[in-house]
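Here's work.cif, which has mmCIF, C-alpha atoms:
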data_structure
#
loop_
_atom_site.label_atom_id
_atom_site.label_comp_id
_atom_site.auth_asym_id
_atom_site.auth_seq_id
_atom_site.Cartn_x
_atom_site.Cartn_y
_atom_site.Cartn_z
CA MET A 1 89.23 20.26 -58.38
CA ASP A 2 87.52 20.60 -61.76
CA GLU A 3 83.75 20.94 -61.60
CA LEU A 4 81.64 18.02 -62.78
CA VAL A 5 79.87 18.40 -66.14
CA SER A 6 76.62 16.48 -66.66
CA ILE A 7 76.10 15.70 -70.35
CA ILE A 8 72.52 15.13 -71.51
CA MET A 9 72.17 12.75 -74.47
CA PRO A 10 68.62 11.77 -75.55
CA THR A 11 68.44 8.99 -78.12
CA TYR A 12 65.94 7.15 -80.27
CA ASN A 13 66.99 4.54 -82.84
CA CYS A 14 70.45 6.04 -83.28
CA GLY A 15 72.36 2.78 -83.12
CA ALA A 16 74.19 3.70 -86.33
CA PHE A 17 75.57 6.95 -84.86
CA ILE A 18 75.56 6.86 -81.06
CA GLU A 19 78.90 5.09 -80.64
CA GLU A 20 80.68 7.88 -82.50
CA SER A 21 78.92 10.46 -80.30
CA VAL A 22 79.93 8.63 -77.12
CA LYS A 23 83.52 8.37 -78.34
CA SER A 24 83.62 12.14 -78.86
CA VAL A 25 82.73 12.50 -75.17
CA LEU A 26 85.36 9.95 -74.12
CA ALA A 27 87.95 11.90 -76.11
CA GLN A 28 87.40 15.10 -74.12
CA THR A 29 90.55 16.64 -72.66
CA TYR A 30 88.37 17.77 -69.75
CA LYS A 31 87.85 14.52 -67.83
CA ASN A 32 85.44 15.29 -65.00
CA TRP A 33 82.11 14.52 -66.66
CA GLU A 34 79.15 12.18 -66.47
CA LEU A 35 77.15 11.13 -69.52
CA LEU A 36 73.44 10.50 -69.03
CA ILE A 37 71.94 8.68 -72.02
CA ALA A 38 68.13 8.75 -72.04
CA ASP A 39 66.72 6.17 -74.46
CA ASP A 40 63.21 6.96 -75.70
CA CYS A 41 62.37 3.25 -76.21
CA SER A 42 64.64 2.57 -79.18
CA THR A 43 63.72 -0.48 -81.26
CA ASP A 44 67.09 -0.82 -83.02
CA ASN A 45 70.47 -2.03 -81.71
CA THR A 46 71.16 1.02 -79.53
CA GLN A 47 71.40 -0.99 -76.29
CA THR A 48 73.75 -3.53 -77.88
CA VAL A 49 76.03 -0.79 -79.15
CA LEU A 50 76.10 0.90 -75.74
CA ALA A 51 76.63 -2.26 -73.67
CA PRO A 52 80.49 -2.26 -73.73
CA TYR A 53 80.59 1.39 -72.71
CA LEU A 54 78.13 0.90 -69.86
CA ASP A 55 80.21 -2.05 -68.63
CA ASN A 56 83.53 -0.21 -68.77
CA TYR A 57 82.77 3.40 -67.88
CA PRO A 58 81.10 4.02 -64.49
CA ASN A 59 80.45 7.67 -65.42
CA ILE A 60 78.18 6.67 -68.35
CA TYR A 61 74.58 6.09 -67.27
CA TYR A 62 71.73 4.60 -69.27
CA ILE A 63 68.11 5.56 -68.65
CA ARG A 64 65.33 3.87 -70.63
CA LEU A 65 61.92 5.53 -70.70
CA GLU A 66 58.90 3.34 -69.99
CA LYS A 67 57.19 4.44 -73.19
CA ASN A 68 58.12 6.39 -76.31
CA SER A 69 57.50 10.01 -75.30
CA GLY A 70 59.69 12.24 -77.47
CA PRO A 71 62.96 14.13 -76.98
CA ALA A 72 61.60 16.56 -74.37
CA ALA A 73 60.69 13.71 -72.03
CA ALA A 74 64.04 12.01 -72.66
CA ARG A 75 66.01 15.17 -71.87
CA SER A 76 63.91 15.77 -68.75
CA ALA A 77 64.48 12.20 -67.55
CA ALA A 78 68.23 12.77 -67.77
CA LEU A 79 68.04 16.23 -66.19
CA LYS A 80 66.36 14.71 -63.12
CA GLN A 81 69.54 12.73 -62.41
CA VAL A 82 72.29 15.30 -63.02
CA LYS A 83 74.93 15.82 -60.34
CA GLY A 84 77.21 18.27 -62.11
CA GLU A 85 77.84 21.93 -61.54
CA TYR A 86 77.61 22.39 -65.31
CA VAL A 87 75.06 20.88 -67.70
CA ALA A 88 75.82 20.35 -71.40
CA PHE A 89 73.85 18.83 -74.28
CA LEU A 90 74.83 16.45 -77.08
CA ASP A 91 72.37 14.55 -79.26
CA SER A 92 73.22 10.95 -80.11
CA ASP A 93 74.13 11.60 -83.74
CA ASP A 94 76.28 14.72 -83.21
CA LEU A 95 79.93 15.18 -82.27
CA TRP A 96 82.15 17.36 -80.10
CA ALA A 97 85.72 18.48 -80.69
CA SER A 98 88.00 16.95 -78.08
CA ASN A 99 88.68 20.32 -76.41
CA LYS A 100 85.04 21.44 -76.37
CA LEU A 101 84.36 21.13 -72.65
CA PHE A 102 87.75 22.54 -71.64
CA LEU A 103 87.49 25.63 -73.84
CA GLN A 104 83.85 26.34 -73.04
CA ILE A 105 84.27 26.07 -69.28
CA ASP A 106 87.34 28.29 -69.48
CA PHE A 107 85.31 30.81 -71.52
CA MET A 108 82.46 30.81 -68.97
CA LYS A 109 84.82 31.31 -66.06
CA ARG A 110 86.79 34.10 -67.74
CA LYS A 111 83.60 35.91 -68.75
CA ASP A 112 81.83 35.08 -65.46
CA VAL A 113 78.68 33.90 -67.27
CA ALA A 114 76.18 31.15 -66.50
CA PHE A 115 74.88 30.31 -69.99
CA SER A 116 76.89 29.84 -73.18
CA ALA A 117 77.01 28.34 -76.67
CA THR A 118 79.73 27.73 -79.26
CA GLY A 119 79.93 27.54 -83.03
CA TYR A 120 79.23 24.29 -84.85
CA GLU A 121 79.71 22.95 -88.34
CA LEU A 122 77.39 20.88 -90.51
CA MET A 123 78.13 17.36 -91.67
CA ASN A 124 76.06 15.04 -93.83
CA GLU A 125 74.55 11.74 -92.76
CA GLU A 126 77.80 9.93 -93.56
CA GLY A 127 79.81 12.29 -91.35
CA LEU A 128 81.42 14.32 -94.14
CA SER A 129 81.71 18.06 -93.61
CA LYS A 130 79.34 20.26 -95.60
CA GLY A 131 81.89 23.06 -95.41
CA THR A 132 79.74 25.50 -93.46
CA ALA A 133 79.42 26.55 -89.86
CA PHE A 134 77.07 28.55 -87.66
CA ILE A 135 78.47 31.04 -85.17
CA PRO A 136 76.22 32.18 -82.30
CA PRO A 137 75.74 35.86 -81.45
CA ALA A 138 78.20 37.19 -78.88
CA LYS A 139 75.25 37.89 -76.58
CA THR A 140 71.72 36.53 -76.98
CA THR A 141 69.19 38.06 -74.63
CA TYR A 142 65.64 36.75 -74.15
CA ASP A 143 64.24 39.14 -76.76
CA LYS A 144 67.03 38.36 -79.21
CA MET A 145 66.49 34.61 -78.74
CA LEU A 146 62.86 35.18 -79.77
CA ARG A 147 63.62 37.54 -82.68
CA LEU A 148 66.27 35.24 -84.16
CA SER A 149 64.24 32.08 -83.49
CA CYS A 150 66.95 30.32 -81.49
CA PRO A 151 70.35 31.24 -83.01
CA VAL A 152 72.25 28.72 -80.84
CA GLY A 153 72.86 25.04 -81.48
CA ASN A 154 71.56 22.53 -78.93
CA LEU A 155 74.78 20.48 -79.21
CA THR A 156 76.85 23.49 -78.08
CA VAL A 157 74.90 24.81 -75.09
CA MET A 158 76.15 24.70 -71.52
CA TYR A 159 74.81 26.28 -68.33
CA ASP A 160 75.96 26.61 -64.74
CA ARG A 161 73.45 24.71 -62.60
CA ARG A 162 74.60 26.48 -59.44
CA ILE A 163 73.24 29.74 -60.87
CA ILE A 164 70.46 28.59 -63.22
CA GLY A 165 69.10 25.94 -60.85
CA GLU A 166 67.28 22.72 -61.64
CA GLN A 167 65.59 22.61 -65.04
CA GLN A 168 63.03 20.44 -66.80
CA VAL A 169 62.38 20.63 -70.53
CA PRO A 170 59.00 22.21 -71.41
CA ASP A 171 56.52 19.59 -72.58
CA ILE A 172 56.46 20.28 -76.30
CA GLN A 173 57.19 17.65 -78.94
CA LYS A 174 59.36 19.88 -81.18
CA ARG A 175 61.44 23.00 -80.51
CA ASN A 176 61.74 21.86 -76.91
CA ASP A 177 65.42 22.83 -76.79
CA TYR A 178 64.45 26.37 -77.88
CA ALA A 179 61.77 26.36 -75.16
CA LEU A 180 64.40 25.35 -72.59
CA TRP A 181 66.76 28.17 -73.59
CA LEU A 182 63.94 30.70 -73.21
CA GLN A 183 63.16 29.22 -69.80
CA ILE A 184 66.81 29.57 -68.76
CA LEU A 185 66.86 33.18 -69.97
CA HIS A 186 64.30 33.97 -67.28
CA LYS A 187 67.11 33.09 -64.84
CA THR A 188 70.06 34.94 -66.39
CA ASP A 189 70.69 37.93 -68.63
CA ALA A 190 71.90 36.24 -71.82
CA CYS A 191 73.44 33.27 -73.60
CA TYR A 192 77.05 34.22 -74.41
CA GLY A 193 78.48 32.92 -77.66
CA MET A 194 81.98 31.67 -78.47
CA PRO A 195 83.06 32.26 -82.08
CA THR A 196 84.95 28.95 -82.08
CA VAL A 197 83.55 25.88 -83.87
CA LEU A 198 83.57 23.09 -81.28
CA ALA A 199 80.94 20.65 -82.54
CA LYS A 200 79.51 18.93 -85.60
CA TYR A 201 75.79 18.71 -86.33
CA ARG A 202 74.64 15.79 -88.46
CA VAL A 203 72.05 16.77 -91.09
CA ARG A 204 69.78 13.76 -91.54
CA SER A 205 66.98 13.19 -94.03
CA GLN A 206 64.71 11.84 -91.27
CA SER A 207 65.36 14.68 -88.82
CA VAL A 208 62.27 15.94 -86.98
CA SER A 209 63.34 19.55 -87.64
CA ARG A 210 63.77 19.26 -91.43
CA ASN A 211 60.21 20.18 -92.40
CA LYS A 212 59.95 23.81 -91.31
CA LEU A 213 56.25 24.23 -92.15
CA LYS A 214 55.32 21.48 -89.71
CA LEU A 215 57.08 23.41 -86.95
CA LEU A 216 54.69 26.37 -87.14
CA PRO A 217 52.09 25.06 -84.64
CA TYR A 218 54.89 24.25 -82.19
CA HIS A 219 56.15 27.82 -82.38
CA TRP A 220 52.64 29.06 -81.75
CA HIS A 221 52.22 26.78 -78.74
CA LEU A 222 55.61 27.83 -77.39
CA TYR A 223 54.92 31.55 -77.65
CA ARG A 224 51.28 31.57 -76.52
CA HIS A 225 51.03 28.75 -74.00
CA ILE A 226 54.53 28.17 -72.63
CA GLU A 227 55.98 31.70 -72.72
CA LYS A 228 52.48 33.20 -72.41
CA LEU A 229 53.15 36.01 -74.86
CA SER A 230 50.35 38.22 -76.11
CA LEU A 231 48.56 37.41 -79.36
CA LEU A 232 50.30 40.30 -81.11
CA LYS A 233 53.77 39.34 -79.88
CA SER A 234 53.22 35.69 -80.79
CA VAL A 235 52.25 36.64 -84.36
CA TRP A 236 55.24 39.00 -84.56
CA TYR A 237 57.76 36.37 -83.48
CA ILE A 238 56.31 33.80 -85.88
CA LEU A 239 56.73 36.35 -88.67
CA CYS A 240 60.32 36.88 -87.51
CA TRP A 241 60.90 33.12 -87.69
CA VAL A 242 59.43 32.87 -91.20
CA PHE A 243 61.50 35.86 -92.35
CA ILE A 244 64.77 34.50 -90.96
CA LYS A 245 64.22 30.99 -92.30
CA SER A 246 63.43 32.31 -95.77
CA THR A 247 66.12 35.02 -96.02
CA LYS A 248 68.81 33.76 -93.55
CA ILE A 249 69.24 37.38 -92.44
CA GLY A 250 70.41 37.47 -88.84
CA ILE A 251 71.97 33.99 -89.00
CA ASN A 252 75.77 33.93 -88.95
CA LYS A 253 76.44 31.09 -91.39
CA MET A 254 80.01 30.99 -92.67
CA HIS A 255 82.26 28.89 -94.87
CA LEU A 256 84.79 26.98 -92.78
CA GLY A 257 87.59 28.21 -95.04
CA ASP A 258 86.72 31.81 -94.19
CA LEU A 259 86.90 31.02 -90.48
CA TYR A 260 90.35 29.49 -90.84
CA LYS A 261 91.58 32.48 -92.86
CA ARG A 262 90.51 34.77 -90.02
CA GLY A 263 92.97 32.96 -87.76
CA THR A 264 90.45 31.72 -85.19
CA GLU A 265 91.14 28.88 -82.78
CA ASN A 266 89.39 26.49 -85.16
CA SER A 267 92.61 25.39 -86.85
CA SER A 268 93.65 23.62 -83.65
CA LEU A 269 90.50 21.54 -83.36
CA HIS A 270 90.39 17.83 -84.03
CA TYR A 271 87.73 15.17 -83.70
CA GLU A 272 88.35 11.64 -82.45
#

Show me this structure written as structure tokens.
Amino acid sequence: MDELVSIIMPTYNCGAFIEESVKSVLAQTYKNWELLIADDCSTDNTQTVLAPYLDNYPNIYYIRLEKNSGPAAARSAALKQVKGEYVAFLDSDDLWASNKLFLQIDFMKRKDVAFSATGYELMNEEGLSKGTAFIPPAKTTYDKMLRLSCPVGNLTVMYDRRIIGEQQVPDIQKRNDYALWLQILHKTDACYGMPTVLAKYRVRSQSVSRNKLKLLPYHWHLYRHIEKLSLLKSVWYILCWVFIKSTKIGINKMHLGDLYKRGTENSSLHYE
């Protein structure tokens, strides 16, 4: 029997996008999944949009936080209720290719790994491709995750809960996904990357991660107070982050056309 995959989907005022995200889960060729939607007190029509899906799909669960607390709290609320052997992540404005779960689980089993990520492409707010994709490193250790300032996309990550164990997202308002990956890397040797593009990340003007300068204090808090790195190491990794963000060195960003020319599996992908 196929193992159950628990999909974590935090949301806040994503009524305009969440239905498309849910449909990309419903379209999965791998059928043994549960979707846990954690609503951080949305004030838009999110609940109305979700109502038909909650009525018709018993494996879609809706959790509403008591107060607006941020994406870390929303992800943690969902993680407390997971039942699956695998845990995957998809934000409520992003999309998966229909064969994402199938291919990634097959990859993890063949490689005998507990933590993985795939490639993803960028789309604009209207859902149109920006023509570029990010490919994760083949192997990202703890140190490499720090040096490259999180070279994996949240919407592509999956881990084996039987090996990694129960997880809660570190209590930090921003970069909490990065903090979670570092936490997981204390439990396993590396995050293993697939070169295949299996997801689409929506670039939005209101995204909390768009203003990089505002992220600096969160990086400092993560390194010093969550990971408890020395002062010198914390400064070094912040300098690494600034260098990578300004030069793009170390980030494998590619044109989609170049990926197709290389004859990767990407040409077989389709999105519902």

What separates atom CA of A:Arg202 and atom CA of A:Val113 is a distance of 28.2 Å

So which residues touch A:Val22 within 9 Å, counting all atoms listed in the file, skipping near sequence neighbours fewer than 6 positions away, as number ranges by chain? A: 35, 50, 53, 92, 95

Of A:Leu185, A:Val87, A:Met158, A:Ala78, the one sitting nearest A:Ile63 when using only C-alpha atoms is A:Ala78

Inset, instruction - Please indicate the distance in Å from atom CA of A:Tyr223 to atom CA of A:Val235, rounded to one decimal place. - result: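 Answer for the atom CA of A:Tyr223 to atom CA of A:Val235 separation: 8.8 Å.
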
Which residues, named as in the file, does the PyMOL selection byres ((chain A and resi 74) around 6) pick out? Answer as a compact mmCIF listing (two decimals) with C-alpha atoms, in the frame of the given file.
# COMPACT_ATOMS: atom_id res chain seq x y z
CA PRO A 10 68.62 11.77 -75.55
CA ALA A 38 68.13 8.75 -72.04
CA ASP A 40 63.21 6.96 -75.70
CA PRO A 71 62.96 14.13 -76.98
CA ALA A 72 61.60 16.56 -74.37
CA ALA A 73 60.69 13.71 -72.03
CA ARG A 75 66.01 15.17 -71.87
CA SER A 76 63.91 15.77 -68.75
CA ALA A 77 64.48 12.20 -67.55

Please output stretch 64-75 of chain A, rebuilt to include all heavy atoms, as a PDB file, keeping the file's coordinate frame.
ATOM      1  N   ARG A  64      66.287   4.240 -69.575  1.00  0.00           N
ATOM      2  CA  ARG A  64      65.330   3.870 -70.630  1.00  0.00           C
ATOM      3  C   ARG A  64      63.928   4.278 -70.189  1.00  0.00           C
ATOM      4  O   ARG A  64      63.454   3.874 -69.117  1.00  0.00           O
ATOM      5  CB  ARG A  64      65.377   2.370 -70.914  1.00  0.00           C
ATOM      6  CG  ARG A  64      64.487   1.972 -72.102  1.00  0.00           C
ATOM      7  CD  ARG A  64      64.677   0.509 -72.482  1.00  0.00           C
ATOM      8  NE  ARG A  64      63.724   0.098 -73.517  1.00  0.00           N
ATOM      9  CZ  ARG A  64      63.934   0.240 -74.825  1.00  0.00           C
ATOM     10  NH1 ARG A  64      65.060   0.764 -75.263  1.00  0.00           N
ATOM     11  NH2 ARG A  64      63.023  -0.165 -75.701  1.00  0.00           N
ATOM     12  N   LEU A  65      63.268   5.099 -71.014  1.00  0.00           N
ATOM     13  CA  LEU A  65      61.920   5.530 -70.700  1.00  0.00           C
ATOM     14  C   LEU A  65      60.948   4.347 -70.769  1.00  0.00           C
ATOM     15  O   LEU A  65      61.180   3.389 -71.508  1.00  0.00           O
ATOM     16  CB  LEU A  65      61.469   6.634 -71.658  1.00  0.00           C
ATOM     17  CG  LEU A  65      61.881   8.070 -71.295  1.00  0.00           C
ATOM     18  CD1 LEU A  65      63.388   8.248 -71.276  1.00  0.00           C
ATOM     19  CD2 LEU A  65      61.240   9.076 -72.228  1.00  0.00           C
ATOM     20  N   GLU A  66      59.875   4.429 -70.013  1.00  0.00           N
ATOM     21  CA  GLU A  66      58.900   3.340 -69.990  1.00  0.00           C
ATOM     22  C   GLU A  66      58.092   3.271 -71.270  1.00  0.00           C
ATOM     23  O   GLU A  66      57.624   2.200 -71.659  1.00  0.00           O
ATOM     24  CB  GLU A  66      57.970   3.501 -68.780  1.00  0.00           C
ATOM     25  CG  GLU A  66      58.682   3.316 -67.446  1.00  0.00           C
ATOM     26  CD  GLU A  66      57.728   3.410 -66.278  1.00  0.00           C
ATOM     27  OE1 GLU A  66      56.514   3.646 -66.521  1.00  0.00           O
ATOM     28  OE2 GLU A  66      58.178   3.247 -65.133  1.00  0.00           O
ATOM     29  N   LYS A  67      57.896   4.415 -71.918  1.00  0.00           N
ATOM     30  CA  LYS A  67      57.190   4.440 -73.190  1.00  0.00           C
ATOM     31  C   LYS A  67      57.772   5.534 -74.073  1.00  0.00           C
ATOM     32  O   LYS A  67      58.376   6.497 -73.572  1.00  0.00           O
ATOM     33  CB  LYS A  67      55.686   4.676 -73.001  1.00  0.00           C
ATOM     34  CG  LYS A  67      55.339   6.014 -72.369  1.00  0.00           C
ATOM     35  CD  LYS A  67      53.826   6.184 -72.256  1.00  0.00           C
ATOM     36  CE  LYS A  67      53.480   7.557 -71.668  1.00  0.00           C
ATOM     37  NZ  LYS A  67      52.019   7.754 -71.585  1.00  0.00           N
ATOM     38  N   ASN A  68      57.607   5.398 -75.374  1.00  0.00           N
ATOM     39  CA  ASN A  68      58.120   6.390 -76.310  1.00  0.00           C
ATOM     40  C   ASN A  68      57.388   7.713 -76.086  1.00  0.00           C
ATOM     41  O   ASN A  68      56.178   7.796 -76.245  1.00  0.00           O
ATOM     42  CB  ASN A  68      57.929   5.896 -77.745  1.00  0.00           C
ATOM     43  CG  ASN A  68      58.475   6.872 -78.760  1.00  0.00           C
ATOM     44  OD1 ASN A  68      57.717   7.635 -79.353  1.00  0.00           O
ATOM     45  ND2 ASN A  68      59.767   6.864 -78.964  1.00  0.00           N
ATOM     46  N   SER A  69      58.132   8.754 -75.711  1.00  0.00           N
ATOM     47  CA  SER A  69      57.500  10.010 -75.300  1.00  0.00           C
ATOM     48  C   SER A  69      58.085  11.243 -75.962  1.00  0.00           C
ATOM     49  O   SER A  69      57.618  12.359 -75.706  1.00  0.00           O
ATOM     50  CB  SER A  69      57.621  10.161 -73.774  1.00  0.00           C
ATOM     51  OG  SER A  69      57.064   9.047 -73.112  1.00  0.00           O
ATOM     52  N   GLY A  70      59.121  11.097 -76.783  1.00  0.00           N
ATOM     53  CA  GLY A  70      59.690  12.240 -77.470  1.00  0.00           C
ATOM     54  C   GLY A  70      60.939  12.779 -76.795  1.00  0.00           C
ATOM     55  O   GLY A  70      61.230  12.454 -75.634  1.00  0.00           O
ATOM     56  N   PRO A  71      61.687  13.633 -77.499  1.00  0.00           N
ATOM     57  CA  PRO A  71      62.960  14.130 -76.980  1.00  0.00           C
ATOM     58  C   PRO A  71      62.849  15.004 -75.733  1.00  0.00           C
ATOM     59  O   PRO A  71      63.761  15.016 -74.901  1.00  0.00           O
ATOM     60  CB  PRO A  71      63.551  14.915 -78.156  1.00  0.00           C
ATOM     61  CG  PRO A  71      62.379  15.229 -79.040  1.00  0.00           C
ATOM     62  CD  PRO A  71      61.434  14.086 -78.877  1.00  0.00           C
ATOM     63  N   ALA A  72      61.751  15.721 -75.572  1.00  0.00           N
ATOM     64  CA  ALA A  72      61.600  16.560 -74.370  1.00  0.00           C
ATOM     65  C   ALA A  72      61.563  15.692 -73.127  1.00  0.00           C
ATOM     66  O   ALA A  72      62.234  15.982 -72.128  1.00  0.00           O
ATOM     67  CB  ALA A  72      60.336  17.406 -74.476  1.00  0.00           C
ATOM     68  N   ALA A  73      60.787  14.620 -73.183  1.00  0.00           N
ATOM     69  CA  ALA A  73      60.690  13.710 -72.030  1.00  0.00           C
ATOM     70  C   ALA A  73      62.027  13.027 -71.765  1.00  0.00           C
ATOM     71  O   ALA A  73      62.415  12.824 -70.607  1.00  0.00           O
ATOM     72  CB  ALA A  73      59.600  12.677 -72.281  1.00  0.00           C
ATOM     73  N   ALA A  74      62.739  12.669 -72.830  1.00  0.00           N
ATOM     74  CA  ALA A  74      64.040  12.010 -72.660  1.00  0.00           C
ATOM     75  C   ALA A  74      65.033  12.963 -72.003  1.00  0.00           C
ATOM     76  O   ALA A  74      65.757  12.584 -71.068  1.00  0.00           O
ATOM     77  CB  ALA A  74      64.559  11.530 -74.015  1.00  0.00           C
ATOM     78  N   ARG A  75      65.093  14.197 -72.479  1.00  0.00           N
ATOM     79  CA  ARG A  75      66.010  15.170 -71.870  1.00  0.00           C
ATOM     80  C   ARG A  75      65.639  15.428 -70.406  1.00  0.00           C
ATOM     81  O   ARG A  75      66.516  15.520 -69.547  1.00  0.00           O
ATOM     82  CB  ARG A  75      65.984  16.483 -72.658  1.00  0.00           C
ATOM     83  CG  ARG A  75      66.659  16.395 -74.017  1.00  0.00           C
ATOM     84  CD  ARG A  75      66.788  17.761 -74.687  1.00  0.00           C
ATOM     85  NE  ARG A  75      67.482  17.645 -75.964  1.00  0.00           N
ATOM     86  CZ  ARG A  75      66.913  17.785 -77.159  1.00  0.00           C
ATOM     87  NH1 ARG A  75      65.627  18.076 -77.251  1.00  0.00           N
ATOM     88  NH2 ARG A  75      67.620  17.657 -78.263  1.00  0.00           N
TER      89      ARG A  75
END
